[in-house]
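Asker: What follows is entry18.csv; its format and atoms are CSV, C-alpha atoms and all ligand atoms.
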```csv
chain,number,residue,atom,x,y,z
A,1,MET,CA,-24.3,23.3,12.7
A,2,GLN,CA,-23.0,25.6,15.5
A,3,SER,CA,-21.5,23.8,18.5
A,4,ALA,CA,-20.0,25.3,21.7
A,5,LEU,CA,-17.8,22.1,22.1
A,6,GLN,CA,-14.2,22.2,21.2
A,7,ALA,CA,-13.1,19.2,19.1
A,8,ARG,CA,-9.7,19.1,20.8
A,9,SER,CA,-8.1,17.5,17.8
A,10,LYS,CA,-5.7,14.5,18.3
A,11,LEU,CA,-4.2,15.2,14.8
A,12,PRO,CA,-4.3,19.0,14.6
A,13,ASP,CA,-1.8,19.2,11.8
A,14,VAL,CA,-3.5,16.6,9.6
A,15,GLY,CA,-5.9,17.6,6.8
A,16,THR,CA,-7.9,15.6,4.4
A,17,THR,CA,-5.8,12.9,2.6
A,18,ILE,CA,-4.1,14.0,-0.6
A,19,PHE,CA,-6.0,11.3,-2.5
A,20,THR,CA,-9.3,12.9,-1.6
A,21,VAL,CA,-8.1,16.5,-2.2
A,22,ILE,CA,-6.6,15.7,-5.6
A,23,GLY,CA,-9.6,13.5,-6.6
A,24,GLN,CA,-12.0,16.4,-5.9
A,25,LEU,CA,-9.8,18.8,-7.9
A,26,ALA,CA,-9.5,16.4,-10.7
A,27,ALA,CA,-13.3,16.1,-10.9
A,28,GLU,CA,-13.8,19.9,-10.7
A,29,HIS,CA,-11.4,20.5,-13.6
A,30,ASP,CA,-12.5,17.4,-15.5
A,31,ALA,CA,-9.0,16.2,-15.4
A,32,LEU,CA,-7.8,12.7,-16.3
A,33,ASN,CA,-6.9,11.0,-13.0
A,34,LEU,CA,-3.4,9.5,-12.9
A,35,SER,CA,-3.3,10.2,-9.2
A,36,GLN,CA,-4.9,7.5,-7.0
A,37,GLY,CA,-3.7,4.0,-7.2
A,38,ALA,CA,-7.2,2.8,-8.1
A,39,PRO,CA,-7.9,1.0,-11.4
A,40,ASN,CA,-10.5,2.6,-13.7
A,41,PHE,CA,-11.2,-0.7,-15.5
A,42,ALA,CA,-13.6,-3.5,-14.5
A,43,PRO,CA,-12.7,-6.5,-12.4
A,44,ASP,CA,-13.3,-10.1,-13.7
A,45,PRO,CA,-17.0,-10.5,-14.3
A,46,LYS,CA,-16.8,-13.9,-12.6
A,47,LEU,CA,-15.7,-12.2,-9.4
A,48,ILE,CA,-18.8,-10.0,-9.5
A,49,ASP,CA,-21.0,-13.0,-10.3
A,50,GLY,CA,-19.4,-14.8,-7.3
A,51,VAL,CA,-20.4,-11.9,-5.0
A,52,ALA,CA,-23.9,-11.7,-6.4
A,53,ARG,CA,-24.3,-15.5,-6.1
A,54,ALA,CA,-23.1,-15.4,-2.5
A,55,MET,CA,-25.7,-12.7,-1.7
A,56,ARG,CA,-28.5,-14.7,-3.4
A,57,ASP,CA,-27.4,-17.8,-1.5
A,58,GLY,CA,-28.0,-15.9,1.7
A,59,HIS,CA,-24.5,-14.9,2.8
A,60,ASN,CA,-25.6,-11.5,3.9
A,61,GLN,CA,-25.0,-11.5,7.7
A,62,TYR,CA,-21.9,-11.1,9.8
A,63,ALA,CA,-19.0,-13.2,8.8
A,64,PRO,CA,-17.0,-14.9,11.6
A,65,MET,CA,-14.9,-12.3,13.2
A,66,ALA,CA,-11.6,-13.6,11.7
A,67,GLY,CA,-13.1,-14.4,8.3
A,68,ILE,CA,-14.8,-17.5,6.9
A,69,ASP,CA,-12.9,-20.7,7.4
A,70,THR,CA,-12.6,-21.6,3.7
A,71,LEU,CA,-11.1,-18.3,2.9
A,72,ARG,CA,-8.6,-18.4,5.7
A,73,GLU,CA,-7.6,-21.9,4.6
A,74,ALA,CA,-7.3,-20.8,0.9
A,75,LEU,CA,-5.0,-17.9,2.0
A,76,ALA,CA,-2.9,-20.1,4.2
A,77,GLN,CA,-2.5,-22.4,1.2
A,78,LYS,CA,-1.6,-19.5,-1.1
A,79,MET,CA,1.1,-18.2,1.3
A,80,GLU,CA,2.6,-21.7,1.7
A,81,THR,CA,2.7,-22.3,-2.0
A,82,LEU,CA,4.2,-18.9,-2.9
A,83,TYR,CA,6.4,-18.1,0.0
A,84,GLY,CA,7.0,-21.4,1.9
A,85,THR,CA,5.6,-20.4,5.3
A,86,ARG,CA,2.6,-22.3,6.7
A,87,TYR,CA,0.3,-20.0,8.6
A,88,ASP,CA,-2.4,-21.7,10.7
A,89,PRO,CA,-5.8,-20.6,9.4
A,90,ALA,CA,-7.2,-20.9,12.9
A,91,ASP,CA,-5.2,-18.3,14.6
A,92,GLU,CA,-2.6,-16.8,12.2
A,93,VAL,CA,-4.8,-15.6,9.3
A,94,THR,CA,-7.4,-12.8,9.5
A,95,VAL,CA,-9.7,-11.3,6.8
A,96,ILE,CA,-9.7,-7.6,7.3
A,97,ALA,CA,-11.9,-4.8,6.0
A,98,SER,CA,-9.2,-3.2,3.8
A,99,ALA,CA,-5.4,-3.1,4.2
A,100,SER,CA,-6.0,0.3,5.9
A,101,GLU,CA,-7.9,-1.5,8.6
A,102,GLY,CA,-5.2,-4.1,9.0
A,103,LEU,CA,-2.6,-1.4,9.4
A,104,TYR,CA,-4.7,0.4,12.0
A,105,SER,CA,-5.6,-2.7,13.9
A,106,THR,CA,-2.0,-4.0,13.9
A,107,ILE,CA,-0.4,-0.7,15.1
A,108,SER,CA,-3.1,0.0,17.6
A,109,ALA,CA,-2.9,-3.6,19.1
A,110,LEU,CA,0.9,-3.8,19.3
A,111,VAL,CA,2.3,-0.3,19.8
A,112,HIS,CA,2.1,1.3,23.3
A,113,PRO,CA,2.3,4.9,24.4
A,114,GLY,CA,6.0,6.0,24.5
A,115,ASP,CA,7.1,3.3,21.9
A,116,GLU,CA,9.0,4.4,18.8
A,117,VAL,CA,8.0,3.2,15.3
A,118,ILE,CA,10.5,3.5,12.5
A,119,TYR,CA,9.1,4.0,9.0
A,120,PHE,CA,10.5,5.2,5.7
A,121,GLU,CA,9.7,8.5,3.9
A,122,PRO,CA,8.2,9.2,1.5
A,123,SER,CA,5.6,6.9,2.9
A,124,PHE,CA,1.9,6.1,2.5
A,125,ASP,CA,0.1,8.8,4.4
A,126,SER,CA,-1.6,6.8,7.2
A,127,TYR,CA,1.4,5.2,8.9
A,128,ALA,CA,2.6,8.1,11.0
A,129,PRO,CA,-0.9,9.4,12.1
A,130,ILE,CA,-1.9,5.9,13.3
A,131,VAL,CA,1.3,5.7,15.4
A,132,ARG,CA,0.7,9.1,16.9
A,133,LEU,CA,-2.9,8.1,17.8
A,134,GLN,CA,-1.4,5.4,20.1
A,135,GLY,CA,0.7,8.1,22.0
A,136,ALA,CA,3.8,6.6,20.3
A,137,THR,CA,6.5,8.4,18.3
A,138,PRO,CA,6.8,7.9,14.6
A,139,VAL,CA,10.5,7.9,13.6
A,140,ALA,CA,10.9,8.8,10.0
A,141,ILE,CA,13.9,7.7,8.0
A,142,LYS,CA,14.2,9.3,4.6
A,143,LEU,CA,14.9,7.1,1.6
A,144,SER,CA,17.9,8.4,-0.4
A,145,LEU,CA,16.8,11.1,-2.8
A,146,ASP,CA,18.9,9.5,-5.6
A,147,ASP,CA,17.4,6.0,-5.8
A,148,PHE,CA,14.9,5.9,-2.9
A,149,ARG,CA,16.6,2.9,-1.2
A,150,VAL,CA,16.9,2.3,2.5
A,151,ASP,CA,20.1,3.4,4.2
A,152,TRP,CA,20.3,0.5,6.7
A,153,ASP,CA,23.2,2.1,8.6
A,154,GLU,CA,20.8,5.0,9.4
A,155,VAL,CA,18.2,2.4,10.5
A,156,ALA,CA,20.8,0.9,12.8
A,157,ALA,CA,21.5,4.3,14.3
A,158,LYS,CA,17.9,5.1,14.9
A,159,ILE,CA,17.0,1.8,16.7
A,160,THR,CA,16.7,2.4,20.4
A,161,PRO,CA,15.4,0.3,23.3
A,162,LYS,CA,12.1,2.0,22.7
A,163,THR,CA,11.8,0.8,19.1
A,164,ARG,CA,8.8,-1.4,19.0
A,165,MET,CA,8.1,-1.7,15.3
A,166,ILE,CA,9.6,-1.1,11.9
A,167,ILE,CA,7.0,-0.5,9.1
A,168,ILE,CA,8.2,-1.7,5.7
A,169,ASN,CA,6.5,-1.5,2.3
A,170,THR,CA,7.7,-3.5,-0.7
A,171,PRO,CA,6.9,-2.9,-3.5
A,172,HIS,CA,6.9,0.7,-2.3
A,173,ASN,CA,4.2,3.3,-2.6
A,174,PRO,CA,5.0,6.0,-3.7
A,175,THR,CA,8.5,5.4,-5.0
A,176,ALA,CA,8.0,2.1,-6.9
A,177,THR,CA,11.2,0.5,-5.5
A,178,VAL,CA,11.3,-3.1,-4.2
A,179,PHE,CA,13.4,-4.7,-1.6
A,180,ASP,CA,16.2,-7.0,-2.8
A,181,ALA,CA,18.0,-9.9,-1.0
A,182,ALA,CA,20.5,-7.5,0.5
A,183,ASP,CA,17.7,-5.4,2.1
A,184,VAL,CA,16.3,-8.6,3.6
A,185,GLU,CA,19.7,-9.6,5.1
A,186,ARG,CA,20.2,-6.2,6.7
A,187,LEU,CA,16.6,-6.3,8.2
A,188,LYS,CA,17.3,-9.7,9.6
A,189,ALA,CA,20.6,-8.7,11.2
A,190,LEU,CA,19.1,-5.5,12.7
A,191,THR,CA,16.1,-7.1,14.3
A,192,ARG,CA,17.8,-10.3,15.5
A,193,ASN,CA,17.6,-10.7,19.3
A,194,THR,CA,15.3,-7.7,19.6
A,195,ASP,CA,11.6,-7.6,20.3
A,196,ILE,CA,10.9,-5.4,17.3
A,197,VAL,CA,7.8,-6.3,15.3
A,198,ILE,CA,8.0,-5.8,11.5
A,199,LEU,CA,4.8,-4.5,10.0
A,200,ALA,CA,5.0,-5.4,6.3
A,201,ASP,CA,2.7,-3.6,4.0
A,202,GLU,CA,2.7,-6.0,1.0
A,203,VAL,CA,-0.4,-4.9,-0.8
A,204,TYR,CA,1.5,-4.8,-4.2
A,205,GLU,CA,3.0,-8.3,-3.6
A,206,HIS,CA,1.9,-9.4,-7.1
A,207,VAL,CA,3.1,-6.3,-8.9
A,208,VAL,CA,6.9,-6.8,-9.1
A,209,PHE,CA,8.5,-6.1,-12.5
A,210,ASP,CA,11.3,-7.4,-14.7
A,211,GLY,CA,11.3,-10.9,-13.3
A,212,ALA,CA,12.3,-9.8,-9.8
A,213,GLN,CA,11.0,-11.8,-6.8
A,214,HIS,CA,8.7,-10.3,-4.3
A,215,GLN,CA,10.6,-10.2,-1.0
A,216,SER,CA,7.7,-11.2,1.3
A,217,MET,CA,8.6,-11.5,4.9
A,218,ALA,CA,6.9,-14.9,4.6
A,219,ARG,CA,9.9,-16.2,2.6
A,220,TYR,CA,12.2,-15.9,5.6
A,221,ARG,CA,11.4,-17.9,8.7
A,222,GLU,CA,13.3,-15.6,10.9
A,223,LEU,CA,11.5,-12.6,9.7
A,224,ALA,CA,8.1,-14.2,9.4
A,225,GLU,CA,8.3,-15.0,13.2
A,226,ARG,CA,8.4,-11.3,14.0
A,227,SER,CA,6.2,-9.9,11.1
A,228,VAL,CA,2.7,-8.9,10.5
A,229,ILE,CA,2.0,-9.0,6.8
A,230,VAL,CA,-0.9,-6.9,5.5
A,231,SER,CA,-2.2,-7.6,2.0
A,232,SER,CA,-5.1,-6.5,-0.2
A,233,PHE,CA,-7.7,-8.2,-2.4
A,234,GLY,CA,-8.5,-4.7,-3.7
A,235,LYS,CA,-5.1,-4.2,-5.3
A,236,SER,CA,-4.8,-7.7,-6.7
A,237,TYR,CA,-8.3,-8.0,-8.2
A,238,HIS,CA,-9.0,-4.4,-9.3
A,239,VAL,CA,-11.6,-3.9,-6.6
A,240,THR,CA,-10.2,-1.2,-4.3
A,241,GLY,CA,-13.7,-0.2,-3.4
A,242,TRP,CA,-14.6,-3.5,-1.9
A,243,ARG,CA,-12.5,-2.8,1.1
A,244,ILE,CA,-11.2,-6.3,1.9
A,245,GLY,CA,-7.8,-7.7,2.6
A,246,TYR,CA,-6.0,-10.1,4.8
A,247,CYS,CA,-3.4,-10.1,7.5
A,248,LEU,CA,-0.9,-12.9,8.6
A,249,ALA,CA,1.1,-13.1,11.8
A,250,PRO,CA,2.3,-15.5,14.4
A,251,ALA,CA,-0.5,-16.6,16.7
A,252,ALA,CA,0.6,-14.5,19.7
A,253,LEU,CA,0.6,-11.3,17.7
A,254,MET,CA,-2.5,-12.2,15.8
A,255,ASN,CA,-4.4,-12.8,19.0
A,256,GLU,CA,-3.8,-9.1,20.0
A,257,ILE,CA,-4.6,-7.8,16.5
A,258,ARG,CA,-7.9,-9.6,16.5
A,259,LYS,CA,-8.9,-7.9,19.8
A,260,VAL,CA,-8.8,-4.6,18.0
A,261,HIS,CA,-10.2,-5.8,14.7
A,262,GLN,CA,-13.2,-7.3,16.5
A,263,PHE,CA,-14.1,-3.9,18.1
A,264,MET,CA,-13.3,-1.8,15.1
A,265,VAL,CA,-15.2,-3.6,12.3
A,266,PHE,CA,-16.0,-6.9,13.9
A,267,SER,CA,-15.7,-8.7,10.6
A,268,ALA,CA,-15.1,-8.0,6.9
A,269,ASP,CA,-17.9,-8.1,4.2
A,270,THR,CA,-19.4,-11.5,3.9
A,271,PRO,CA,-20.3,-12.0,0.3
A,272,MET,CA,-16.9,-10.9,-1.0
A,273,GLN,CA,-15.3,-13.5,1.2
A,274,TYR,CA,-17.2,-16.3,-0.6
A,275,ALA,CA,-16.3,-14.9,-4.0
A,276,PHE,CA,-12.6,-14.7,-3.1
A,277,VAL,CA,-12.5,-18.4,-2.1
A,278,GLU,CA,-13.4,-19.2,-5.7
A,279,ALA,CA,-11.0,-16.6,-7.1
A,280,LEU,CA,-8.1,-17.9,-5.1
A,281,ALA,CA,-8.6,-21.3,-6.7
A,282,GLN,CA,-7.4,-19.6,-10.0
A,283,PRO,CA,-3.9,-18.5,-9.2
A,284,GLU,CA,-3.3,-17.4,-12.9
A,285,SER,CA,-5.2,-14.2,-12.1
A,286,TYR,CA,-2.7,-12.9,-9.5
A,287,LEU,CA,0.3,-14.6,-11.1
A,288,GLY,CA,-0.4,-12.7,-14.3
A,289,LEU,CA,-0.7,-9.3,-12.6
A,290,ALA,CA,3.0,-8.4,-12.8
A,291,ALA,CA,3.0,-8.8,-16.6
A,292,PHE,CA,-0.3,-7.0,-16.9
A,293,TYR,CA,1.0,-3.9,-15.0
A,294,GLN,CA,4.5,-4.1,-16.5
A,295,LYS,CA,2.8,-3.5,-19.9
A,296,LYS,CA,1.0,-0.5,-18.5
A,297,ARG,CA,4.2,0.9,-17.0
A,298,ASP,CA,6.0,0.5,-20.3
A,299,LEU,CA,3.1,2.0,-22.3
A,300,LEU,CA,3.1,5.1,-20.0
A,301,ALA,CA,6.9,5.4,-20.1
A,302,HIS,CA,6.9,5.1,-23.9
A,303,ALA,CA,4.2,7.6,-24.3
A,304,LEU,CA,6.1,10.1,-22.2
A,305,ARG,CA,9.4,9.6,-23.9
A,306,GLU,CA,9.1,13.0,-25.7
A,307,SER,CA,8.0,14.8,-22.6
A,308,ARG,CA,10.2,17.0,-20.5
A,309,PHE,CA,9.9,14.8,-17.5
A,310,GLU,CA,12.7,12.6,-16.2
A,311,LEU,CA,11.1,9.2,-15.4
A,312,LEU,CA,12.5,7.3,-12.4
A,313,PRO,CA,12.6,3.5,-12.7
A,314,SER,CA,9.5,1.7,-11.5
A,315,GLU,CA,10.4,-1.7,-10.1
A,316,GLY,CA,6.9,-2.6,-8.8
A,317,SER,CA,3.5,-1.2,-7.6
A,318,PHE,CA,1.1,0.9,-9.6
A,319,PHE,CA,3.3,3.9,-9.6
A,320,MET,CA,6.1,5.8,-11.4
A,321,LEU,CA,7.9,9.0,-10.2
A,322,ALA,CA,8.5,11.8,-12.7
A,323,ARG,CA,10.9,14.6,-12.1
A,324,PHE,CA,10.0,18.1,-13.4
A,325,ARG,CA,12.8,20.0,-11.6
A,326,GLY,CA,14.8,20.0,-14.8
A,327,PHE,CA,12.3,22.5,-16.3
A,328,SER,CA,10.5,24.1,-13.4
A,329,ASP,CA,11.3,25.4,-9.9
A,330,GLU,CA,7.7,25.5,-8.8
A,331,ARG,CA,6.8,23.8,-5.5
A,332,ASP,CA,5.5,20.3,-6.4
A,333,SER,CA,2.1,21.1,-5.0
A,334,ASP,CA,1.8,24.2,-7.2
A,335,PHE,CA,3.1,22.3,-10.2
A,336,VAL,CA,0.4,19.6,-9.6
A,337,LEU,CA,-2.3,22.3,-9.4
A,338,ARG,CA,-1.1,23.8,-12.7
A,339,LEU,CA,-1.1,20.3,-14.3
A,340,ILE,CA,-4.7,19.8,-13.2
A,341,ARG,CA,-5.8,23.3,-14.4
A,342,ASP,CA,-3.8,23.7,-17.6
A,343,ALA,CA,-3.2,20.2,-18.8
A,344,GLN,CA,-6.2,18.6,-17.2
A,345,VAL,CA,-4.3,15.7,-15.7
A,346,ALA,CA,-4.1,14.9,-12.0
A,347,THR,CA,-1.1,13.5,-10.3
A,348,ILE,CA,0.2,13.5,-6.7
A,349,PRO,CA,3.0,15.8,-5.4
A,350,LEU,CA,5.7,13.7,-3.7
A,351,SER,CA,5.9,16.2,-0.8
A,352,ALA,CA,2.5,14.9,0.3
A,353,PHE,CA,4.3,11.7,1.5
A,354,TYR,CA,6.6,13.5,3.9
A,355,ALA,CA,5.8,14.7,7.3
A,356,ASP,CA,8.0,17.8,6.7
A,357,GLY,CA,6.8,18.3,3.1
A,358,THR,CA,10.2,17.6,1.5
A,359,ASP,CA,9.9,18.7,-2.1
A,360,SER,CA,12.4,17.3,-4.6
A,361,GLY,CA,10.5,18.3,-7.7
A,362,LEU,CA,8.8,14.9,-8.3
A,363,ILE,CA,5.2,13.8,-8.9
A,364,ARG,CA,3.7,10.4,-8.6
A,365,LEU,CA,1.9,8.9,-11.6
A,366,SER,CA,-0.4,6.0,-11.3
A,367,PHE,CA,-0.6,3.6,-14.3
A,368,SER,CA,-3.4,1.5,-12.9
A,369,LYS,CA,-5.6,2.9,-15.7
A,370,ASP,CA,-6.9,1.6,-19.0
A,371,ASP,CA,-4.6,2.1,-21.9
A,372,ALA,CA,-6.6,4.9,-23.5
A,373,THR,CA,-6.4,6.9,-20.3
A,374,LEU,CA,-2.6,6.3,-20.1
A,375,ILE,CA,-2.1,7.4,-23.7
A,376,GLU,CA,-4.3,10.5,-23.3
A,377,GLY,CA,-2.8,11.3,-19.9
A,378,ALA,CA,0.7,11.1,-21.4
A,379,ARG,CA,-0.3,13.3,-24.4
A,380,ARG,CA,-1.4,16.0,-21.9
A,381,LEU,CA,1.7,15.7,-19.8
A,382,CYS,CA,3.8,16.1,-23.0
A,383,SER,CA,2.1,19.4,-23.6
A,384,ILE,CA,3.8,20.8,-20.5
A,401,LIG,N1,-3.2,3.4,-2.1
A,401,LIG,C1,-3.8,4.3,-3.0
A,401,LIG,C2,-2.8,5.3,-3.5
A,401,LIG,O1,-1.7,5.5,-2.9
A,401,LIG,C3,-5.0,4.9,-2.6
A,401,LIG,C4,-5.1,5.2,-1.1
A,401,LIG,C5,-6.3,6.0,-0.7
A,401,LIG,O2,-7.0,6.6,-1.5
A,401,LIG,N2,-6.5,6.0,0.5
A,401,LIG,O3,-3.0,6.0,-4.4
```
Would you mind giving the structure from this file in structure tokens?
Answerer:
Amino acid sequence: MQSALQARSKLPDVGTTIFTVIGQLAAEHDALNLSQGAPNFAPDPKLIDGVARAMRDGHNQYAPMAGIDTLREALAQKMETLYGTRYDPADEVTVIASASEGLYSTISALVHPGDEVIYFEPSFDSYAPIVRLQGATPVAIKLSLDDFRVDWDEVAAKITPKTRMIIINTPHNPTATVFDAADVERLKALTRNTDIVILADEVYEHVVFDGAQHQSMARYRELAERSVIVSSFGKSYHVTGWRIGYCLAPAALMNEIRKVHQFMVFSADTPMQYAFVEALAQPESYLGLAAFYQKKRDLLAHALRESRFELLPSEGSFFMLARFRGFSDERDSDFVLRLIRDAQVATIPLSAFYADGTDSGLIRLSFSKDDATLIEGARRLCSI
């Protein structure tokens, strides 16, 4: 439709997200999709039955703004059992309509125009645009190109009186690194006696490999007191399309976050909330997730052992980075297009996770796929 109005974009340099662009290309070229961190296998049928039952039982209208009481209580219980911090279900736990909504509500509620927000690149693509929409400044710190770990000295150098928030993400999308105890100690020391809020994207909390421990901010009293933790049922129960997650924070912060959440979505989907109360009573499901995905990681790595790619270690998340620079000088975005067209396998170019498009010859592979897809995807990648 023609319109004389000018849209006056708030994000003039931002296009459609890479996940949508690659997903469409993959469909056009009938490519196997190892790009999006979305499982292609079914969730537990009991979970689906739980939702259907909740719908039949009449739970089809708005849930309470912060989530149903029983679910907030179950989440508080889970956090206390796993990480030792007791969150008050009344005012420190909120059910959100996806982790994405939680990130948006949190940043929007707590970051003011002129504030600075430190985050680490490569990074999930929504962080910086959300910060900019608040009239605040995203301050990108690049993870080291060798091992994608945080250079905490650089963080110290970039903290200013305007720093309002540090966004962390462990396990990390897209690099598959996880924080260790030393990272936690540096984070504690750098934020002590400041009013910096930590926004902890912990959506892959249950997908930490090789026996390592998830470094939740909720394990550390000092950090929990200044953190907002965002997590996702979608990632932990293979239902990324259900758009439901949860958020934990000290009451004073949560009070502000709820003010935004209530006007953005009001509340998260009702029937899903009832189903997750039942699901949370079976901790085996999420406690088994690390072993489940570690097998998939190992299957993909094994199937790629004869390929020309150099695989980087995956310590957690649904992802693994693969370096092609050893055999091609193409831009990563061109290389990914060639993979889709010629090998019919879709991946994500790492440059998509940098504001300045840093290209180090790496692609991100997602192994949140059934085994047949992983084996066939690897076979196709081996043909390159
Ligand atoms: N978190 C998922 C990924 O990184 C998907 C995100 C999305 O599609 N918005 O692949």
Asker: Ligand LIG 401 (chain A): which residues are within 9 Å, counting all atoms listed in the file, as a PyMOL selection string?
Answerer: chain A and resi 17-20+23+35-38+100+124-126+173-174+203+235+240+318-319+348+366
Asker: Rank A:Gly135, A:Pro64, A:Pro45, A:Gly211 by their smallest atom-to-atom distance to Leu287 (chain A), using all atoms listed in the file, and report the top residue only.
Answerer: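 Among the listed residues, A:Gly211 lies closest to Leu287 (chain A).
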Asker: Looking at A:Ala54, A:Leu381, A:Ala66, A:Ala252, which one is nearest to Arg338 (chain A), with distances taken over all atoms listed in the file?
Answerer: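 The shortest atom-to-atom distance to Arg338 (chain A) comes from A:Leu381.
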Asker: Select, from A:Pro113, A:Gly241, A:Pro129, A:Gly326, the residue with the minimum atom-to-atom distance to Arg164 (chain A), counting only C-alpha atoms.
Answerer: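 With only C-alpha atoms as the atom set, the closest residue is A:Pro113.
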Asker: Would you kindly return, as a PyMOL selection string, each protein, DNA or RNA residue with an atom no farther than 10 Å from any atom of Tyr354 (chain A), considering all atoms listed in the file and excluding same-chain residues fewer than 2 positions away?
Answerer: chain A and resi 120-125+128+140+142+350-352+356-359
Asker: Enumerate, as a PDB file with C-alpha atoms, in the frame of the given file, the protein, DNA and RNA residues whose atoms approach (10.6, 3.0, 10.9) to within 6 Å, taking into account only C-alpha atoms and the coordinate frame of the file.
Answerer:
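Result file is out-v4.pdb:
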```pdb
ATOM      1  CA  VAL A 117       8.000   3.200  15.300  1.00  0.00           C
ATOM      2  CA  ILE A 118      10.500   3.500  12.500  1.00  0.00           C
ATOM      3  CA  TYR A 119       9.100   4.000   9.000  1.00  0.00           C
ATOM      4  CA  PHE A 120      10.500   5.200   5.700  1.00  0.00           C
ATOM      5  CA  VAL A 139      10.500   7.900  13.600  1.00  0.00           C
ATOM      6  CA  ALA A 140      10.900   8.800  10.000  1.00  0.00           C
ATOM      7  CA  ILE A 166       9.600  -1.100  11.900  1.00  0.00           C
ATOM      8  CA  ILE A 167       7.000  -0.500   9.100  1.00  0.00           C
TER       9      ILE A 167
END
```
Asker: So which one's closest to Val260 (chain A), A:Thr106, A:Gln24, A:Gln215, A:Thr191? Using only C-alpha atoms, please.
Answerer: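 Closest to Val260 (chain A), using only C-alpha atoms: A:Thr106.
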Asker: For CA of Glu116 (chain A) and CA of Glu256 (chain A), determine how far apart the two atoms are, in Å to one decimal place.
Answerer: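 One can read the CA of Glu116 (chain A) to CA of Glu256 (chain A) distance as 18.6 Å.
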Asker: So which residues touch Ala109 (chain A) within 10 Å, counting all atoms listed in the file, skipping near sequence neighbours fewer than 6 positions away, as a PyMOL selection string?
Answerer: chain A and resi 103+134+253-261
Asker: Restricting it to C-alpha atoms, dump the selection as a short mmCIF file (atom, residue, chain, number, x, y, z; two decimals), in the coordinates of the input.
Answerer:
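Contents of the output file out_12.cif:
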```cif
data_model
loop_
_atom_site.label_atom_id
_atom_site.label_comp_id
_atom_site.auth_asym_id
_atom_site.auth_seq_id
_atom_site.Cartn_x
_atom_site.Cartn_y
_atom_site.Cartn_z
CA LEU A 103 -2.60 -1.40 9.40
CA GLN A 134 -1.40 5.40 20.10
CA LEU A 253 0.60 -11.30 17.70
CA MET A 254 -2.50 -12.20 15.80
CA ASN A 255 -4.40 -12.80 19.00
CA GLU A 256 -3.80 -9.10 20.00
CA ILE A 257 -4.60 -7.80 16.50
CA ARG A 258 -7.90 -9.60 16.50
CA LYS A 259 -8.90 -7.90 19.80
CA VAL A 260 -8.80 -4.60 18.00
CA HIS A 261 -10.20 -5.80 14.70
#
```
Asker: Go ahead and compute the interatomic distance for CA of Val207 (chain A) and CA of Ser368 (chain A), in Å to one decimal.
Answerer: 10.9 Å
Asker: Could you check the closest approach to Gly114 (chain A) for each of A:Thr163, A:Thr85, A:Val93, A:Ser285 and tell me which residue wins, using all atoms listed in the file?
Answerer: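 Under the stated criterion, the closest residue is A:Thr163.
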Asker: Mind giving me the straight-line distance from CA of Ala249 (chain A) to CA of Ser227 (chain A) in Å, one decimal?
Answerer: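 Taking CA of Ala249 (chain A) as the start and CA of Ser227 (chain A) as the end point, the length is 6.1 Å.
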Asker: I need the residue nearest Met79 (chain A) from this list: A:Ser383, A:Ser307, A:Gln294, A:Ser216. Use all atoms listed in the file for the distance.
Answerer: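 Nearest to Met79 (chain A): A:Ser216.
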Asker: Any idea what's packed within 10 Å of Arg323 (chain A), counting only C-alpha atoms, ignoring anything in its chain fewer than 4 positions away? Could you give it as a PyMOL selection string?
Answerer: chain A and resi 308-312+327-328+332+350+360-364
Asker: Around the point (-24.3, -18.1, -1.6), in the coordinates given by the file, pick out the residues reaching within 12 Å, counting all atoms listed in the file, and return them as number ranges by chain.
Answerer: A: 49-61, 270-275, 277-278
Asker: Which residues come within 9 Å of Leu11 (chain A), counting all atoms listed in the file, excluding same-chain residues fewer than 2 positions away, as a VMD selection string?
Answerer: chain A and resid 9 13 to 15 129 132 to 133
